[in-house]
file upload32.pdb (PDB, C-alpha atoms)
ATOM      1  CA  MET A   1      34.632  -2.084  26.350
ATOM      2  CA  HIS A   2      35.559  -5.059  24.147
ATOM      3  CA  GLU A   3      36.069  -2.519  21.359
ATOM      4  CA  LEU A   4      39.444  -1.694  22.917
ATOM      5  CA  ALA A   5      40.702  -5.260  22.405
ATOM      6  CA  VAL A   6      39.217  -5.328  18.899
ATOM      7  CA  THR A   7      40.880  -2.019  18.052
ATOM      8  CA  GLU A   8      44.208  -3.238  19.419
ATOM      9  CA  ASN A   9      43.935  -6.241  17.098
ATOM     10  CA  ILE A  10      43.185  -3.986  14.124
ATOM     11  CA  LEU A  11      46.270  -1.917  14.945
ATOM     12  CA  GLU A  12      48.447  -5.020  15.276
ATOM     13  CA  ILE A  13      47.262  -6.459  11.941
ATOM     14  CA  ALA A  14      47.587  -3.165  10.063
ATOM     15  CA  THR A  15      51.028  -2.478  11.539
ATOM     16  CA  ARG A  16      52.287  -5.965  10.694
ATOM     17  CA  HIS A  17      51.140  -5.772   7.066
ATOM     18  CA  ALA A  18      52.363  -2.208   6.596
ATOM     19  CA  THR A  19      55.782  -3.132   7.958
ATOM     20  CA  GLN A  20      55.969  -6.156   5.661
ATOM     21  CA  ALA A  21      55.128  -3.865   2.723
ATOM     22  CA  GLN A  22      57.841  -1.397   3.829
ATOM     23  CA  ALA A  23      55.270   1.386   4.175
ATOM     24  CA  LYS A  24      56.066   4.812   5.547
ATOM     25  CA  ARG A  25      52.576   5.022   6.977
ATOM     26  CA  VAL A  26      49.061   3.605   6.774
ATOM     27  CA  THR A  27      46.568   6.068   5.295
ATOM     28  CA  ASP A  28      43.278   4.134   5.262
ATOM     29  CA  ILE A  29      41.835   1.040   6.927
ATOM     30  CA  TYR A  30      38.684  -0.640   5.628
ATOM     31  CA  LEU A  31      36.638  -2.653   8.128
ATOM     32  CA  VAL A  32      33.658  -4.900   7.430
ATOM     33  CA  ILE A  33      31.172  -5.168  10.291
ATOM     34  CA  GLY A  34      28.028  -7.281  10.328
ATOM     35  CA  SER A  35      24.962  -5.512  11.653
ATOM     36  CA  LEU A  36      24.447  -8.289  14.222
ATOM     37  CA  SER A  37      27.940  -7.906  15.641
ATOM     38  CA  SER A  38      28.233  -5.942  18.834
ATOM     39  CA  ILE A  39      30.950  -3.666  17.432
ATOM     40  CA  ILE A  40      30.195   0.058  17.743
ATOM     41  CA  ASP A  41      31.879   2.221  15.108
ATOM     42  CA  ASP A  42      32.246   5.290  17.335
ATOM     43  CA  SER A  43      33.915   3.260  20.081
ATOM     44  CA  VAL A  44      36.402   1.732  17.657
ATOM     45  CA  GLN A  45      37.163   5.208  16.285
ATOM     46  CA  PHE A  46      37.587   6.606  19.800
ATOM     47  CA  TYR A  47      40.076   3.903  20.810
ATOM     48  CA  TRP A  48      41.818   4.090  17.431
ATOM     49  CA  ASP A  49      42.564   7.785  17.873
ATOM     50  CA  ILE A  50      44.207   7.025  21.215
ATOM     51  CA  ILE A  51      46.173   3.822  20.595
ATOM     52  CA  SER A  52      47.414   4.563  17.079
ATOM     53  CA  LYS A  53      49.358   7.646  18.184
ATOM     54  CA  ASN A  54      53.101   7.328  17.629
ATOM     55  CA  THR A  55      52.647   4.334  15.310
ATOM     56  CA  ILE A  56      52.862   3.850  11.559
ATOM     57  CA  CYS A  57      49.033   3.958  11.606
ATOM     58  CA  CYS A  58      48.722   7.364  13.269
ATOM     59  CA  GLY A  59      46.241   9.484  11.322
ATOM     60  CA  ALA A  60      44.892   6.582   9.260
ATOM     61  CA  GLN A  61      41.245   6.998   8.315
ATOM     62  CA  LEU A  62      38.943   4.171   9.407
ATOM     63  CA  HIS A  63      36.208   3.218   6.935
ATOM     64  CA  PHE A  64      33.293   1.181   8.269
ATOM     65  CA  HIS A  65      31.229  -0.970   5.899
ATOM     66  CA  ARG A  66      28.131  -2.459   7.543
ATOM     67  CA  ILE A  67      26.796  -5.790   6.244
ATOM     68  CA  PRO A  68      23.048  -6.336   6.754
ATOM     69  CA  ALA A  69      21.759  -9.406   8.562
ATOM     70  CA  GLN A  70      20.642 -12.192   6.240
ATOM     71  CA  MET A  71      18.674 -15.182   7.478
ATOM     72  CA  THR A  72      17.582 -18.511   5.985
ATOM     73  CA  CYS A  73      14.549 -20.462   7.101
ATOM     74  CA  GLN A  74      15.439 -24.047   7.970
ATOM     75  CA  GLU A  75      11.875 -25.167   7.185
ATOM     76  CA  CYS A  76      11.102 -23.669   3.763
ATOM     77  CA  GLY A  77      14.537 -22.452   2.619
ATOM     78  CA  HIS A  78      13.424 -18.828   2.205
ATOM     79  CA  SER A  79      16.217 -16.246   2.614
ATOM     80  CA  PHE A  80      15.438 -12.798   3.981
ATOM     81  CA  SER A  81      16.942  -9.690   5.554
ATOM     82  CA  LEU A  82      16.169  -8.582   9.074
ATOM     83  CA  GLU A  83      14.455  -5.241   9.531
ATOM     84  CA  ASN A  84      16.169  -3.130  12.220
ATOM     85  CA  ASN A  85      18.095  -6.245  13.309
ATOM     86  CA  LEU A  86      15.033  -7.543  15.147
ATOM     87  CA  LEU A  87      14.825 -11.317  15.136
ATOM     88  CA  THR A  88      11.560 -12.320  13.466
ATOM     89  CA  PRO A  89      10.046 -15.556  12.194
ATOM     90  CA  CYS A  90      10.285 -16.447   8.526
ATOM     91  CA  PRO A  91       8.079 -14.069   6.509
ATOM     92  CA  GLN A  92       7.271 -16.922   4.105
ATOM     93  CA  CYS A  93       6.110 -19.701   6.468
ATOM     94  CA  SER A  94       6.269 -18.092   9.968
ATOM     95  CA  SER A  95       8.728 -20.697  11.240
ATOM     96  CA  ALA A  96      11.071 -19.685  14.055
ATOM     97  CA  ASN A  97      13.624 -22.247  12.836
ATOM     98  CA  ILE A  98      15.928 -19.743  11.136
ATOM     99  CA  ARG A  99      19.680 -19.546  10.714
ATOM    100  CA  VAL A 100      21.964 -16.523  10.397
ATOM    101  CA  ILE A 101      23.864 -16.622   7.097
ATOM    102  CA  SER A 102      25.346 -13.117   7.204
ATOM    103  CA  GLY A 103      25.608 -10.199   9.582
ATOM    104  CA  GLU A 104      27.844 -11.475  12.390
ATOM    105  CA  GLN A 105      31.173 -10.925  10.648
ATOM    106  CA  PHE A 106      33.878  -8.481  11.622
ATOM    107  CA  TYR A 107      37.184  -8.218   9.819
ATOM    108  CA  LEU A 108      39.827  -5.890   8.461
ATOM    109  CA  ASP A 109      39.240  -5.995   4.712
ATOM    110  CA  SER A 110      42.149  -3.919   3.442
ATOM    111  CA  ILE A 111      44.614  -1.165   4.204
ATOM    112  CA  GLU A 112      46.101   1.576   2.066
ATOM    113  CA  ILE A 113      49.667   2.630   2.659
ATOM    114  CA  GLU A 114      52.092   5.314   1.635
ATOM    115  CA  LYS A 115      55.566   4.192   0.580
TER     116      LYS A 115
END

call {"tool": "encode", "arguments": {"input": "upload32.pdb", "output": "structure tokens"}}
result
Amino acid sequence: MHELAVTENILEIATRHATQAQAKRVTDIYLVIGSLSSIIDDSVQFYWDIISKNTICCGAQLHFHRIPAQMTCQECGHSFSLENNLLTPCPQCSSANIRVISGEQFYLDSIEIEK
């Protein structure tokens, strides 16, 4: 259910920037979501369709860009991607001392407007 709060934030950010740009309406919103984040695209879309009604963002198309999880081994320095987002030891040295370097992000990358 945290997608509702996330979606409300997206709407607030998009509305603020569109208003500042003197837009008539927002047509597209581009979101970047790390594969390790707990954000579910369909839930965001569901809430978006409800809360954006009667706003400058009504009818805007959401575009979801998923970023794969990237890890770095703290022992040998090897960087690798996670398969199916399952946490695994380093494929190079088998160490469990790994650090997430990408895949947890979530942000509104850009919006397109109509003037």

call {"tool": "resolve_selection", "arguments": {"input": "upload32.pdb", "expression": "the PyMOL selection byres ((chain A and resi 98) around 9)", "output": "list of chain:residue names"}}
result
A:Met71, A:Thr72, A:Cys73, A:Gln74, A:Glu75, A:Thr88, A:Pro89, A:Cys90, A:Ser95, A:Ala96, A:Asn97, A:Arg99, A:Val100

call {"tool": "residues_around", "arguments": {"input": "upload32.pdb", "residues": "region 17-29 of chain A", "least_positions_apart": "4", "cutoff": "7 Å", "atoms": "all atoms listed in the file", "output": "NGL selection string"}}
result
:A and (13 or 56-57 or 59-63 or 110-115)

call {"tool": "residues_near_point", "arguments": {"input": "upload32.pdb", "point": "(18.6, -7.3, 7.0)", "cutoff": "12 Å", "atoms": "all atoms listed in the file", "output": "PDB file with C-alpha atoms, in the coordinates of the input"}}
result
ATOM      1  CA  GLY A  34      28.028  -7.281  10.328  1.00  0.00           C
ATOM      2  CA  SER A  35      24.962  -5.512  11.653  1.00  0.00           C
ATOM      3  CA  LEU A  36      24.447  -8.289  14.222  1.00  0.00           C
ATOM      4  CA  ARG A  66      28.131  -2.459   7.543  1.00  0.00           C
ATOM      5  CA  ILE A  67      26.796  -5.790   6.244  1.00  0.00           C
ATOM      6  CA  PRO A  68      23.048  -6.336   6.754  1.00  0.00           C
ATOM      7  CA  ALA A  69      21.759  -9.406   8.562  1.00  0.00           C
ATOM      8  CA  GLN A  70      20.642 -12.192   6.240  1.00  0.00           C
ATOM      9  CA  MET A  71      18.674 -15.182   7.478  1.00  0.00           C
ATOM     10  CA  THR A  72      17.582 -18.511   5.985  1.00  0.00           C
ATOM     11  CA  SER A  79      16.217 -16.246   2.614  1.00  0.00           C
ATOM     12  CA  PHE A  80      15.438 -12.798   3.981  1.00  0.00           C
ATOM     13  CA  SER A  81      16.942  -9.690   5.554  1.00  0.00           C
ATOM     14  CA  LEU A  82      16.169  -8.582   9.074  1.00  0.00           C
ATOM     15  CA  GLU A  83      14.455  -5.241   9.531  1.00  0.00           C
ATOM     16  CA  ASN A  84      16.169  -3.130  12.220  1.00  0.00           C
ATOM     17  CA  ASN A  85      18.095  -6.245  13.309  1.00  0.00           C
ATOM     18  CA  LEU A  86      15.033  -7.543  15.147  1.00  0.00           C
ATOM     19  CA  LEU A  87      14.825 -11.317  15.136  1.00  0.00           C
ATOM     20  CA  THR A  88      11.560 -12.320  13.466  1.00  0.00           C
ATOM     21  CA  VAL A 100      21.964 -16.523  10.397  1.00  0.00           C
ATOM     22  CA  ILE A 101      23.864 -16.622   7.097  1.00  0.00           C
ATOM     23  CA  SER A 102      25.346 -13.117   7.204  1.00  0.00           C
ATOM     24  CA  GLY A 103      25.608 -10.199   9.582  1.00  0.00           C
ATOM     25  CA  GLU A 104      27.844 -11.475  12.390  1.00  0.00           C
TER      26      GLU A 104
END

call {"tool": "axis_aligned_box", "arguments": {"input": "upload32.pdb", "around": "region 27-45 of chain A", "padding_each_side": "8 Å", "output": "lines of an AutoDock Vina configuration file"}}
result
center_x = 35.5
center_y = -1.1
center_z = 12.7
size_x = 38.1
size_y = 30.4
size_z = 30.8

call {"tool": "closest_residue", "arguments": {"input": "upload32.pdb", "among": "A:Ile50, A:Val44, A:His65, A:Cys58", "to": "Glu3 (chain A)", "atoms": "all atoms listed in the file"}}
result
A:Val44

call {"tool": "residues_near_point", "arguments": {"input": "upload32.pdb", "point": "(35.1, -6.0, 7.9)", "cutoff": "8 Å", "atoms": "all atoms listed in the file", "output": "number ranges by chain"}}
result
A: 30-34, 64-66, 105-109

call {"tool": "atom_distance", "arguments": {"input": "upload32.pdb", "atom1": "CA of Tyr47 (chain A)", "atom2": "CA of Arg16 (chain A)"}}
result
18.7 Å

call {"tool": "atom_distance", "arguments": {"input": "upload32.pdb", "atom1": "CA of Ser94 (chain A)", "atom2": "CA of Ser38 (chain A)"}}
result
26.6 Å

call {"tool": "atom_distance", "arguments": {"input": "upload32.pdb", "atom1": "CA of His78 (chain A)", "atom2": "CA of Cys93 (chain A)"}}
result
8.5 Å

call {"tool": "resolve_selection", "arguments": {"input": "upload32.pdb", "expression": "the PyMOL selection byres ((chain A and resi 2) around 12)", "output": "number ranges by chain"}}
result
A: 1, 3-9, 37-40, 43-44, 47

call {"tool": "decode", "arguments": {"input": "upload32.pdb", "residues": "region 56-101 of chain A", "atoms": "N, CA and C atoms", "output": "CSV table (one decimal), in the first residue's frame"}}
result
chain,number,residue,atom,x,y,z
A,56,ILE,N,-3.9,18.6,-13.6
A,56,ILE,CA,-3.1,18.9,-14.8
A,56,ILE,C,-2.5,17.6,-15.4
A,57,CYS,N,-2.3,16.6,-14.6
A,57,CYS,CA,-1.7,15.3,-15.0
A,57,CYS,C,-2.7,14.3,-15.4
A,58,CYS,N,-4.0,14.6,-15.4
A,58,CYS,CA,-5.0,13.6,-15.8
A,58,CYS,C,-4.7,13.1,-17.2
A,59,GLY,N,-4.6,11.8,-17.4
A,59,GLY,CA,-4.4,11.2,-18.7
A,59,GLY,C,-2.9,11.0,-19.1
A,60,ALA,N,-2.0,11.5,-18.2
A,60,ALA,CA,-0.6,11.4,-18.5
A,60,ALA,C,-0.2,9.9,-18.5
A,61,GLN,N,0.7,9.5,-19.5
A,61,GLN,CA,1.1,8.2,-19.6
A,61,GLN,C,2.4,8.0,-18.7
A,62,LEU,N,2.3,6.9,-17.8
A,62,LEU,CA,3.5,6.6,-17.0
A,62,LEU,C,4.4,5.7,-17.8
A,63,HIS,N,5.7,5.9,-17.7
A,63,HIS,CA,6.7,5.1,-18.4
A,63,HIS,C,7.6,4.6,-17.3
A,64,PHE,N,7.7,3.3,-17.2
A,64,PHE,CA,8.5,2.6,-16.1
A,64,PHE,C,9.8,2.1,-16.7
A,65,HIS,N,10.9,2.5,-16.2
A,65,HIS,CA,12.3,2.0,-16.6
A,65,HIS,C,12.9,1.3,-15.4
A,66,ARG,N,13.1,0.0,-15.6
A,66,ARG,CA,13.6,-0.8,-14.5
A,66,ARG,C,15.1,-0.8,-14.6
A,67,ILE,N,15.8,-0.6,-13.5
A,67,ILE,CA,17.3,-0.7,-13.4
A,67,ILE,C,17.7,-2.0,-12.7
A,68,PRO,N,18.5,-2.8,-13.4
A,68,PRO,CA,18.9,-4.1,-12.8
A,68,PRO,C,19.8,-3.9,-11.5
A,69,ALA,N,19.8,-4.9,-10.7
A,69,ALA,CA,20.6,-4.8,-9.4
A,69,ALA,C,22.0,-5.1,-9.8
A,70,GLN,N,22.9,-4.2,-9.3
A,70,GLN,CA,24.3,-4.4,-9.5
A,70,GLN,C,25.0,-4.5,-8.1
A,71,MET,N,25.9,-5.4,-8.0
A,71,MET,CA,26.6,-5.6,-6.7
A,71,MET,C,28.1,-5.5,-6.9
A,72,THR,N,28.8,-5.2,-5.8
A,72,THR,CA,30.2,-5.2,-5.8
A,72,THR,C,30.7,-6.0,-4.6
A,73,CYS,N,31.6,-6.9,-4.8
A,73,CYS,CA,32.2,-7.7,-3.8
A,73,CYS,C,33.2,-6.8,-3.0
A,74,GLN,N,33.1,-6.8,-1.7
A,74,GLN,CA,33.9,-6.0,-0.8
A,74,GLN,C,35.3,-6.7,-0.6
A,75,GLU,N,35.4,-8.0,-0.9
A,75,GLU,CA,36.6,-8.8,-0.8
A,75,GLU,C,37.5,-8.7,-2.0
A,76,CYS,N,37.0,-9.0,-3.2
A,76,CYS,CA,37.8,-9.0,-4.4
A,76,CYS,C,37.5,-7.9,-5.4
A,77,GLY,N,36.5,-7.1,-5.1
A,77,GLY,CA,36.2,-5.9,-6.0
A,77,GLY,C,35.4,-6.2,-7.2
A,78,HIS,N,35.0,-7.5,-7.4
A,78,HIS,CA,34.3,-7.9,-8.6
A,78,HIS,C,32.9,-7.3,-8.6
A,79,SER,N,32.5,-6.8,-9.7
A,79,SER,CA,31.1,-6.2,-9.9
A,79,SER,C,30.3,-7.2,-10.7
A,80,PHE,N,29.0,-7.4,-10.3
A,80,PHE,CA,28.2,-8.4,-11.0
A,80,PHE,C,26.7,-8.0,-10.8
A,81,SER,N,25.9,-8.5,-11.7
A,81,SER,CA,24.4,-8.3,-11.7
A,81,SER,C,23.8,-9.5,-11.0
A,82,LEU,N,22.7,-9.2,-10.3
A,82,LEU,CA,21.9,-10.3,-9.7
A,82,LEU,C,21.0,-11.0,-10.7
A,83,GLU,N,20.9,-12.3,-10.6
A,83,GLU,CA,20.0,-13.0,-11.5
A,83,GLU,C,18.7,-13.1,-10.7
A,84,ASN,N,17.6,-12.7,-11.3
A,84,ASN,CA,16.2,-12.8,-10.7
A,84,ASN,C,16.2,-12.1,-9.3
A,85,ASN,N,17.0,-11.1,-9.1
A,85,ASN,CA,17.1,-10.4,-7.8
A,85,ASN,C,17.3,-11.3,-6.6
A,86,LEU,N,17.9,-12.4,-6.8
A,86,LEU,CA,18.2,-13.3,-5.6
A,86,LEU,C,19.6,-13.0,-5.1
A,87,LEU,N,19.7,-12.7,-3.9
A,87,LEU,CA,21.0,-12.4,-3.3
A,87,LEU,C,21.9,-13.6,-3.3
A,88,THR,N,23.0,-13.5,-3.9
A,88,THR,CA,24.0,-14.6,-4.0
A,88,THR,C,25.4,-14.1,-3.6
A,89,PRO,N,26.2,-15.1,-3.3
A,89,PRO,CA,27.6,-14.7,-3.0
A,89,PRO,C,28.3,-14.2,-4.3
A,90,CYS,N,29.5,-13.6,-4.1
A,90,CYS,CA,30.2,-13.2,-5.3
A,90,CYS,C,30.6,-14.4,-6.2
A,91,PRO,N,30.3,-14.3,-7.5
A,91,PRO,CA,30.6,-15.4,-8.4
A,91,PRO,C,32.1,-15.6,-8.6
A,92,GLN,N,32.9,-14.6,-8.2
A,92,GLN,CA,34.3,-14.6,-8.5
A,92,GLN,C,35.0,-15.3,-7.3
A,93,CYS,N,34.7,-15.0,-6.0
A,93,CYS,CA,35.4,-15.5,-4.9
A,93,CYS,C,34.5,-16.2,-3.9
A,94,SER,N,33.2,-16.1,-4.1
A,94,SER,CA,32.2,-16.8,-3.2
A,94,SER,C,32.0,-16.0,-1.9
A,95,SER,N,32.5,-14.8,-1.7
A,95,SER,CA,32.4,-14.1,-0.5
A,95,SER,C,30.9,-13.6,-0.4
A,96,ALA,N,30.4,-13.5,0.8
A,96,ALA,CA,29.1,-13.0,1.1
A,96,ALA,C,29.2,-11.5,1.5
A,97,ASN,N,30.4,-11.0,1.5
A,97,ASN,CA,30.6,-9.6,1.8
A,97,ASN,C,30.4,-8.7,0.5
A,98,ILE,N,29.2,-8.5,0.2
A,98,ILE,CA,28.8,-7.7,-1.0
A,98,ILE,C,28.0,-6.5,-0.7
A,99,ARG,N,28.1,-5.5,-1.6
A,99,ARG,CA,27.4,-4.3,-1.4
A,99,ARG,C,26.6,-3.9,-2.7
A,100,VAL,N,25.4,-3.4,-2.4
A,100,VAL,CA,24.5,-3.0,-3.5
A,100,VAL,C,25.1,-1.7,-4.1
A,101,ILE,N,25.3,-1.6,-5.4
A,101,ILE,CA,25.7,-0.3,-6.0
A,101,ILE,C,24.7,0.3,-6.9
